[in-house]
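A.B. asks: As input, take upload.pdb (PDB, C-alpha atoms, pLDDT in the B column):
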MODEL        1
ATOM      1  CA  MET K   1      -8.577  -1.881  32.973  1.00 89.00           C
ATOM      2  CA  LEU K   2      -5.586  -1.707  35.264  1.00 93.00           C
ATOM      3  CA  ASN K   3      -2.561   0.554  35.188  1.00 94.00           C
ATOM      4  CA  LYS K   4      -0.563  -0.018  38.382  1.00 96.00           C
ATOM      5  CA  ILE K   5       3.206  -0.091  38.715  1.00 95.00           C
ATOM      6  CA  PHE K   6       5.639  -0.639  41.578  1.00 96.00           C
ATOM      7  CA  ILE K   7       9.326   0.113  41.132  1.00 95.00           C
ATOM      8  CA  MET K   8      12.226   0.125  43.552  1.00 96.00           C
ATOM      9  CA  GLY K   9      15.558   1.722  42.864  1.00 95.00           C
ATOM     10  CA  ARG K  10      18.013   4.457  43.758  1.00 95.00           C
ATOM     11  CA  LEU K  11      17.529   8.112  42.860  1.00 95.00           C
ATOM     12  CA  THR K  12      19.954   9.154  40.116  1.00 95.00           C
ATOM     13  CA  ARG K  13      19.742  12.814  41.151  1.00 95.00           C
ATOM     14  CA  ASP K  14      18.077  14.979  43.779  1.00 94.00           C
ATOM     15  CA  PRO K  15      14.365  15.512  43.080  1.00 95.00           C
ATOM     16  CA  GLU K  16      13.607  18.803  41.348  1.00 94.00           C
ATOM     17  CA  LEU K  17      10.611  20.686  42.778  1.00 95.00           C
ATOM     18  CA  ARG K  18       8.740  23.123  40.537  1.00 94.00           C
ATOM     19  CA  ARG K  19       5.303  24.719  40.714  1.00 95.00           C
ATOM     20  CA  THR K  20       2.651  25.056  38.035  1.00 93.00           C
ATOM     21  CA  GLN K  21       1.231  28.484  37.177  1.00 94.00           C
ATOM     22  CA  THR K  22      -1.502  27.853  39.749  1.00 94.00           C
ATOM     23  CA  GLY K  23       1.074  26.989  42.434  1.00 93.00           C
ATOM     24  CA  THR K  24       0.650  23.195  42.460  1.00 94.00           C
ATOM     25  CA  PRO K  25       3.921  21.477  43.483  1.00 95.00           C
ATOM     26  CA  VAL K  26       5.380  18.934  41.049  1.00 95.00           C
ATOM     27  CA  ALA K  27       8.640  17.025  41.505  1.00 96.00           C
ATOM     28  CA  SER K  28      10.561  15.013  38.940  1.00 95.00           C
ATOM     29  CA  PHE K  29      13.381  12.548  39.411  1.00 96.00           C
ATOM     30  CA  SER K  30      14.571   9.238  38.012  1.00 95.00           C
ATOM     31  CA  LEU K  31      15.255   5.860  39.576  1.00 96.00           C
ATOM     32  CA  ALA K  32      17.983   3.430  38.583  1.00 94.00           C
ATOM     33  CA  VAL K  33      16.259   0.030  38.696  1.00 94.00           C
ATOM     34  CA  ASP K  34      18.318  -3.151  38.278  1.00 92.00           C
ATOM     35  CA  ARG K  35      16.869  -5.930  36.155  1.00 90.00           C
ATOM     36  CA  ASP K  36      16.297  -9.346  37.705  1.00 87.00           C
ATOM     37  CA  TYR K  37      18.789 -11.208  35.528  1.00 85.00           C
ATOM     38  CA  LYS K  38      22.503 -10.919  34.771  1.00 84.00           C
ATOM     39  CA  ASP K  39      24.025 -10.656  31.305  1.00 81.00           C
ATOM     40  CA  LYS K  40      25.591 -14.013  30.405  1.00 83.00           C
ATOM     41  CA  SER K  41      28.699 -12.517  28.807  1.00 86.00           C
ATOM     42  CA  THR K  42      29.537  -9.855  31.417  1.00 85.00           C
ATOM     43  CA  GLY K  43      27.842 -11.273  34.533  1.00 83.00           C
ATOM     44  CA  GLU K  44      26.405  -7.839  35.322  1.00 86.00           C
ATOM     45  CA  ARG K  45      22.812  -6.749  35.746  1.00 86.00           C
ATOM     46  CA  ALA K  46      21.412  -4.262  33.274  1.00 88.00           C
ATOM     47  CA  THR K  47      19.887  -1.122  34.762  1.00 92.00           C
ATOM     48  CA  ASP K  48      16.835   0.813  33.605  1.00 92.00           C
ATOM     49  CA  PHE K  49      16.558   4.525  34.326  1.00 95.00           C
ATOM     50  CA  ILE K  50      12.899   5.328  34.899  1.00 95.00           C
ATOM     51  CA  ASP K  51      11.506   8.868  35.036  1.00 95.00           C
ATOM     52  CA  VAL K  52       9.080   9.586  37.881  1.00 96.00           C
ATOM     53  CA  VAL K  53       6.748  12.561  38.444  1.00 95.00           C
ATOM     54  CA  ALA K  54       5.095  13.296  41.797  1.00 96.00           C
ATOM     55  CA  TRP K  55       2.415  15.905  42.464  1.00 95.00           C
ATOM     56  CA  ARG K  56       1.194  17.958  45.447  1.00 95.00           C
ATOM     57  CA  GLN K  57       2.066  16.630  48.941  1.00 95.00           C
ATOM     58  CA  THR K  58       3.911  13.655  47.468  1.00 95.00           C
ATOM     59  CA  ALA K  59       6.141  16.051  45.505  1.00 94.00           C
ATOM     60  CA  GLU K  60       6.939  18.069  48.617  1.00 95.00           C
ATOM     61  CA  PHE K  61       7.600  14.882  50.617  1.00 94.00           C
ATOM     62  CA  VAL K  62      10.035  13.376  48.112  1.00 94.00           C
ATOM     63  CA  THR K  63      11.863  16.694  47.718  1.00 94.00           C
ATOM     64  CA  ARG K  64      12.223  17.090  51.474  1.00 94.00           C
ATOM     65  CA  TYR K  65      13.348  13.569  52.417  1.00 93.00           C
ATOM     66  CA  PHE K  66      15.011  11.973  49.377  1.00 94.00           C
ATOM     67  CA  THR K  67      18.378  12.735  47.806  1.00 93.00           C
ATOM     68  CA  LYS K  68      20.596  11.231  45.120  1.00 94.00           C
ATOM     69  CA  GLY K  69      21.503   7.616  45.925  1.00 93.00           C
ATOM     70  CA  ARG K  70      18.601   7.031  48.329  1.00 94.00           C
ATOM     71  CA  MET K  71      16.540   3.843  47.784  1.00 95.00           C
ATOM     72  CA  ALA K  72      12.862   4.520  47.038  1.00 95.00           C
ATOM     73  CA  VAL K  73       9.803   2.423  46.338  1.00 95.00           C
ATOM     74  CA  VAL K  74       7.325   4.127  44.025  1.00 96.00           C
ATOM     75  CA  GLU K  75       3.716   3.055  43.577  1.00 96.00           C
ATOM     76  CA  GLY K  76       1.875   4.672  40.714  1.00 96.00           C
ATOM     77  CA  ARG K  77       0.793   4.363  37.115  1.00 96.00           C
ATOM     78  CA  LEU K  78       2.593   4.386  33.790  1.00 95.00           C
ATOM     79  CA  GLN K  79       1.898   7.343  31.518  1.00 95.00           C
ATOM     80  CA  ILE K  80       2.969   7.719  27.895  1.00 94.00           C
ATOM     81  CA  ARG K  81       3.347  11.254  26.539  1.00 91.00           C
ATOM     82  CA  ASP K  82       3.600  12.302  22.906  1.00 93.00           C
ATOM     83  CA  TRP K  83       5.376  15.603  22.264  1.00 88.00           C
ATOM     84  CA  THR K  84       7.177  17.579  19.602  1.00 92.00           C
ATOM     85  CA  ASP K  85      10.881  18.394  19.948  1.00 91.00           C
ATOM     86  CA  LYS K  86      12.610  21.675  18.967  1.00 91.00           C
ATOM     87  CA  GLU K  87      13.203  20.431  15.421  1.00 92.00           C
ATOM     88  CA  GLY K  88       9.523  19.551  14.974  1.00 91.00           C
ATOM     89  CA  GLY K  89      10.015  15.802  15.320  1.00 92.00           C
ATOM     90  CA  LYS K  90       7.368  13.668  16.988  1.00 94.00           C
ATOM     91  CA  ARG K  91       8.642  12.129  20.241  1.00 92.00           C
ATOM     92  CA  ARG K  92       7.216   9.737  22.814  1.00 92.00           C
ATOM     93  CA  SER K  93       8.279   9.225  26.417  1.00 92.00           C
ATOM     94  CA  ALA K  94       7.152   7.048  29.305  1.00 93.00           C
ATOM     95  CA  GLU K  95       7.119   8.081  32.954  1.00 95.00           C
ATOM     96  CA  VAL K  96       5.659   6.857  36.216  1.00 96.00           C
ATOM     97  CA  ILE K  97       3.133   9.144  37.890  1.00 95.00           C
ATOM     98  CA  ALA K  98       3.689   8.468  41.600  1.00 95.00           C
ATOM     99  CA  ASP K  99       0.728   7.944  43.919  1.00 94.00           C
ATOM    100  CA  ASN K 100       2.830   6.896  46.924  1.00 94.00           C
ATOM    101  CA  ILE K 101       6.546   6.947  47.638  1.00 94.00           C
ATOM    102  CA  TYR K 102       8.134   4.880  50.404  1.00 93.00           C
ATOM    103  CA  PHE K 103      11.606   4.658  51.872  1.00 91.00           C
ATOM    104  CA  GLY K 104      13.374   1.614  50.421  1.00 87.00           C
ATOM    105  CA  ASP K 105      16.248   1.714  52.904  1.00 83.00           C
ATOM    106  CA  SER K 106      16.849   2.975  56.388  1.00 73.00           C
ATOM    107  CA  LYS K 107      18.151   6.480  56.797  1.00 65.00           C
ATOM    108  CA  ARG K 108      21.232   4.858  58.317  1.00 56.00           C
ATOM    109  CA  ASP K 109      21.887   3.114  54.977  1.00 55.00           C
ATOM    110  CA  GLY K 110      21.241   6.307  53.026  1.00 49.00           C
ATOM    111  CA  ASP K 111      23.048   9.039  54.925  1.00 49.00           C
ATOM    112  CA  GLY K 112      24.048   8.083  58.460  1.00 41.00           C
ATOM    113  CA  GLY K 113      21.031   9.149  60.536  1.00 39.00           C
ATOM    114  CA  GLY K 114      18.190   7.325  62.278  1.00 37.00           C
ATOM    115  CA  SER K 115      15.918   4.709  60.762  1.00 35.00           C
ATOM    116  CA  TYR K 116      12.938   5.278  58.447  1.00 39.00           C
ATOM    117  CA  SER K 117      10.575   2.623  57.195  1.00 37.00           C
ATOM    118  CA  THR K 118       7.296   4.394  56.534  1.00 40.00           C
ATOM    119  CA  GLY K 119       5.864   5.985  53.414  1.00 45.00           C
ATOM    120  CA  TYR K 120       3.808   9.010  52.545  1.00 44.00           C
ATOM    121  CA  ARG K 121       0.369   8.725  51.015  1.00 45.00           C
ATOM    122  CA  GLN K 122      -0.949  11.368  48.673  1.00 44.00           C
ATOM    123  CA  GLY K 123      -3.738  13.218  50.405  1.00 43.00           C
ATOM    124  CA  GLY K 124      -1.693  13.686  53.552  1.00 43.00           C
ATOM    125  CA  GLY K 125      -0.044  11.789  56.356  1.00 41.00           C
ATOM    126  CA  TYR K 126       2.133   8.754  56.639  1.00 43.00           C
ATOM    127  CA  SER K 127       0.849   5.298  55.805  1.00 42.00           C
ATOM    128  CA  ALA K 128      -0.655   3.608  58.813  1.00 42.00           C
ATOM    129  CA  PRO K 129      -2.919   0.630  59.291  1.00 43.00           C
ATOM    130  CA  ALA K 130      -6.569   1.595  59.236  1.00 46.00           C
ATOM    131  CA  ALA K 131      -8.387   1.315  62.555  1.00 47.00           C
ATOM    132  CA  PRO K 132     -11.120  -1.320  62.575  1.00 48.00           C
ATOM    133  CA  ALA K 133     -14.646   0.031  62.375  1.00 50.00           C
ATOM    134  CA  ASP K 134     -15.676  -1.987  65.461  1.00 48.00           C
ATOM    135  CA  PRO K 135     -12.609  -2.501  67.687  1.00 48.00           C
ATOM    136  CA  LEU K 136     -14.382  -5.255  69.625  1.00 48.00           C
ATOM    137  CA  GLY K 137     -15.536  -7.089  66.523  1.00 47.00           C
ATOM    138  CA  SER K 138     -17.866  -9.935  67.441  1.00 44.00           C
ATOM    139  CA  TYR K 139     -16.496 -10.286  70.976  1.00 48.00           C
ATOM    140  CA  GLY K 140     -19.243  -8.195  72.604  1.00 49.00           C
ATOM    141  CA  ALA K 141     -19.143  -5.234  74.936  1.00 50.00           C
ATOM    142  CA  PRO K 142     -16.057  -4.361  76.999  1.00 50.00           C
ATOM    143  CA  PRO K 143     -16.008  -5.264  80.692  1.00 49.00           C
ATOM    144  CA  ALA K 144     -17.666  -2.743  82.979  1.00 54.00           C
ATOM    145  CA  ASP K 145     -14.338  -1.539  84.395  1.00 54.00           C
ATOM    146  CA  GLY K 146     -13.352  -0.222  80.928  1.00 54.00           C
ATOM    147  CA  ASP K 147     -10.539  -2.770  80.455  1.00 56.00           C
ATOM    148  CA  GLN K 148     -10.864  -4.523  77.082  1.00 59.00           C
ATOM    149  CA  PHE K 149      -9.040  -7.583  78.445  1.00 59.00           C
ATOM    150  CA  SER K 150     -10.476  -9.935  81.063  1.00 58.00           C
ATOM    151  CA  GLU K 151      -9.637 -13.243  82.711  1.00 61.00           C
ATOM    152  CA  LEU K 152     -11.189 -16.411  81.326  1.00 57.00           C
ATOM    153  CA  SER K 153     -13.865 -17.612  83.717  1.00 61.00           C
ATOM    154  CA  THR K 154     -13.200 -21.353  83.348  1.00 63.00           C
ATOM    155  CA  ASP K 155      -9.999 -23.341  82.960  1.00 60.00           C
ATOM    156  CA  ASP K 156     -10.095 -27.130  82.845  1.00 61.00           C
ATOM    157  CA  GLY K 157      -6.301 -27.408  82.941  1.00 64.00           C
ATOM    158  CA  ASP K 158      -6.020 -29.366  79.677  1.00 64.00           C
ATOM    159  CA  LEU K 159      -3.796 -27.965  76.972  1.00 57.00           C
ATOM    160  CA  PRO K 160      -5.203 -28.222  73.415  1.00 60.00           C
ATOM    161  CA  PHE K 161      -2.029 -29.824  72.056  1.00 51.00           C
TER
ENDMDL
END
If you took the structure in this file and wrote it as structure tokens, what would it be?
C.D. replies:
Amino acid sequence: MLNKIFIMGRLTRDPELRRTQTGTPVASFSLAVDRDYKDKSTGERATDFIDVVAWRQTAEFVTRYFTKGRMAVVEGRLQIRDWTDKEGGKRRSAEVIADNIYFGDSKRDGDGGGSYSTGYRQGGGYSAPAAPADPLGSYGAPPADGDQFSELSTDDGDLPF
């Protein structure tokens, strides 16, 4: 089974950071996400307003760096909750539980500062490419002088094209 969702849109309000009784941070916000097509009669795109919940370090990250109007890319899963309202009626709501949140614009586009293009991964740290297990791969041992680059020993002068 697979439950994976990616959405990109603008925050409709500043994220709200709360803490559970045990002190776990949780942030909630919503994204305005434009649909891919335009309405034939008005020529405008419809917009969906999608609720998002982030936990732990991701919650602290989004609260610290995102504000209303900022473009965000959210990677997570869809969760459906059943609940009872104040009048005793059965209700159902859908929300995205965020695993990762990335900047969808540069800070310059959002609020006049420098440029951001990285994301935060739950579990700590910014997203970065993983280092290869064997940096030399199948190329063998590094040269004795410690430099990983070396001159080719033979050159016949012919170009391959």
A.B. asks: From the options K:Val74, K:Ile80, K:Met8, K:Ala94, which residue's atoms come nearest to Ala54 in chain K, counting only C-alpha atoms?
C.D. replies: K:Val74
A.B. asks: Contacts of Ser28 in chain K at 10 Å or less, counting all atoms listed in the file, minus same-chain residues fewer than 4 places along, as a ChimeraX atom specification?
C.D. replies: /K:13-18,51-55,59,62-63,95-98
A.B. asks: Exactly which residues make up the result of the PyMOL selection byres ((chain K and resi 70) around 8) on this file, given as number ranges by chain?
C.D. replies: K: 10-11, 66-69, 71-72, 104-105, 110
A.B. asks: If you measure from CA of Thr58 in chain K to CA of Val33 in chain K, what distance in Å do you get, rounded to one decimal?
C.D. replies: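 CA of Thr58 in chain K sits 20.4 Å away from CA of Val33 in chain K.
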A.B. asks: With the PyMOL selection byres ((chain K and resi 46-48) around 8) as the selection, what would be picked from this file? Answer as number ranges by chain, please.
C.D. replies: K: 31-35, 37-39, 44-45, 49-50
A.B. asks: Report, in Å to a single decimal, how far apart CA of Val26 in chain K and CA of Arg81 in chain K are.
C.D. replies: 16.5 Å
A.B. asks: Would you compute the distance between CA of Leu78 in chain K and CA of Thr20 in chain K? Give it in Å to one decimal.
C.D. replies: 21.1 Å
A.B. asks: Restricting the calculation to all atoms listed in the file: of K:Thr42, K:Gln57, K:Ser30, K:Asn3, which residue gets closest to Val73 in chain K?
C.D. replies: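 Nearest to Val73 in chain K: K:Ser30.
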A.B. asks: Residues at most 12 Å from Asp82 in chain K, counting only C-alpha atoms, excluding those fewer than 6 positions away in the same chain, as a ChimeraX atom specification?
C.D. replies: /K:89-95
